[in-house]
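What follows is a single structure, written as structure tokens, with notes after it.
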Amino acid sequence: TTVQMVMDSINNAMVIPYQNIIGTTTDPIVSSDILNCPLAALIDLNSIELVDKKLLKLTAYYDNESGYSNRLIELIEHLAQ
């Protein structure tokens with residue numbers, strides 16, 4: 001596995017099934033930059049590392065209140081159908 005393969009897998013998964021749930025960024029950000037972000041997670045693509053060719057390390061940011069609230073709304077809408 002390479003870092004590029006991981007990035008490609010993340011980007012491919014986000015095209016349809018997770019496009020409104022998980023996002024990515026290459027901008028240098030900190031946790032306060034994602035306040036009121038509706039996503040469940042925002043993956044920092046610059047942080048992806050392979051450690052000893054066995055361990056994948058990445059950083060994902062999330063706004064606990066906004067992300068959770070948006071997922072809860074989606075669940076309620078889905079159950080109401």
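Note on naming: chains are A, B, ... as they come in the structure tokens, residues start from 1 per chain, ligands start from 1 in the order shown.
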
Sel. of helix (DSSP H, G or I) residues, chain A, as a ChimeraX atom specification: /A:3-15,31-34,64-80

Shell around Leu50 (chain A) at 7 Å using only C-alpha atoms, local window under 6 positions removed, as a list of chain:residue names: A:Val3, A:Leu56, A:Lys57

CA of Thr1 (chain A) to CA of Leu58 (chain A), distance in Å rounded to a single decimal: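 Between CA of Thr1 (chain A) and CA of Leu58 (chain A) the gap works out to 14.2 Å.
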
Minimum-distance residue to Ile43 (chain A), chosen among A:Met7, A:Thr59, A:Ile21, A:Ile29 (using only C-alpha atoms):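 Counting only C-alpha atoms, the residue closest to Ile43 (chain A) is A:Thr59.
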
Strand (DSSP E or B) positions in chain A, given as a PyMOL selection string: chain A and resi 22-25+41-51+55-61

With 10 Å as the cut-off and only C-alpha atoms counted, what is the closest atom pair between each nearby residue of region 2-39 of chain A and region 67-80 of chain A? Distances in Å to one decimal, ordered by chain and number, as CSV.
```
residue,atom,partner,partner_atom,distance
A:Asn20,CA,A:Arg71,CA,9.7
A:Ile21,CA,A:Arg71,CA,8.0
A:Ile22,CA,A:Gly67,CA,9.9
A:Leu35,CA,A:Gly67,CA,9.6
A:Asn36,CA,A:Gly67,CA,7.8
A:Cys37,CA,A:Gly67,CA,6.5
A:Pro38,CA,A:Gly67,CA,4.8
A:Leu39,CA,A:Gly67,CA,5.1
```

Writer output for current selection, N, CA, C and O atoms, as a compact mmCIF listing (two decimals), in the first residue's frame:
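Ended up saving to result_32.txt:
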```txt
# COMPACT_ATOMS: atom_id res chain seq x y z
N ASN A 20 -21.59 13.37 0.89
CA ASN A 20 -22.10 14.38 1.82
C ASN A 20 -21.79 14.06 3.27
O ASN A 20 -22.27 14.73 4.17
N ILE A 21 -20.99 13.01 3.48
CA ILE A 21 -20.69 12.59 4.84
C ILE A 21 -19.22 12.82 5.19
O ILE A 21 -18.89 13.30 6.26
N ILE A 22 -18.34 12.49 4.25
CA ILE A 22 -16.90 12.63 4.47
C ILE A 22 -16.33 13.54 3.40
O ILE A 22 -16.68 13.43 2.23
N LEU A 35 -15.41 24.65 12.29
CA LEU A 35 -16.62 24.90 13.06
C LEU A 35 -17.81 25.04 12.12
O LEU A 35 -17.71 25.64 11.05
N ASN A 36 -18.93 24.45 12.49
CA ASN A 36 -20.16 24.43 11.70
C ASN A 36 -20.03 23.66 10.40
O ASN A 36 -20.79 23.87 9.46
N CYS A 37 -19.09 22.74 10.33
CA CYS A 37 -18.93 21.88 9.15
C CYS A 37 -19.97 20.77 9.22
O CYS A 37 -20.06 20.06 10.21
N PRO A 38 -20.79 20.60 8.18
CA PRO A 38 -21.87 19.61 8.23
C PRO A 38 -21.39 18.17 8.01
O PRO A 38 -22.17 17.24 8.14
N LEU A 39 -20.12 17.98 7.69
CA LEU A 39 -19.59 16.65 7.41
C LEU A 39 -19.33 15.88 8.70
O LEU A 39 -19.05 16.45 9.75
```
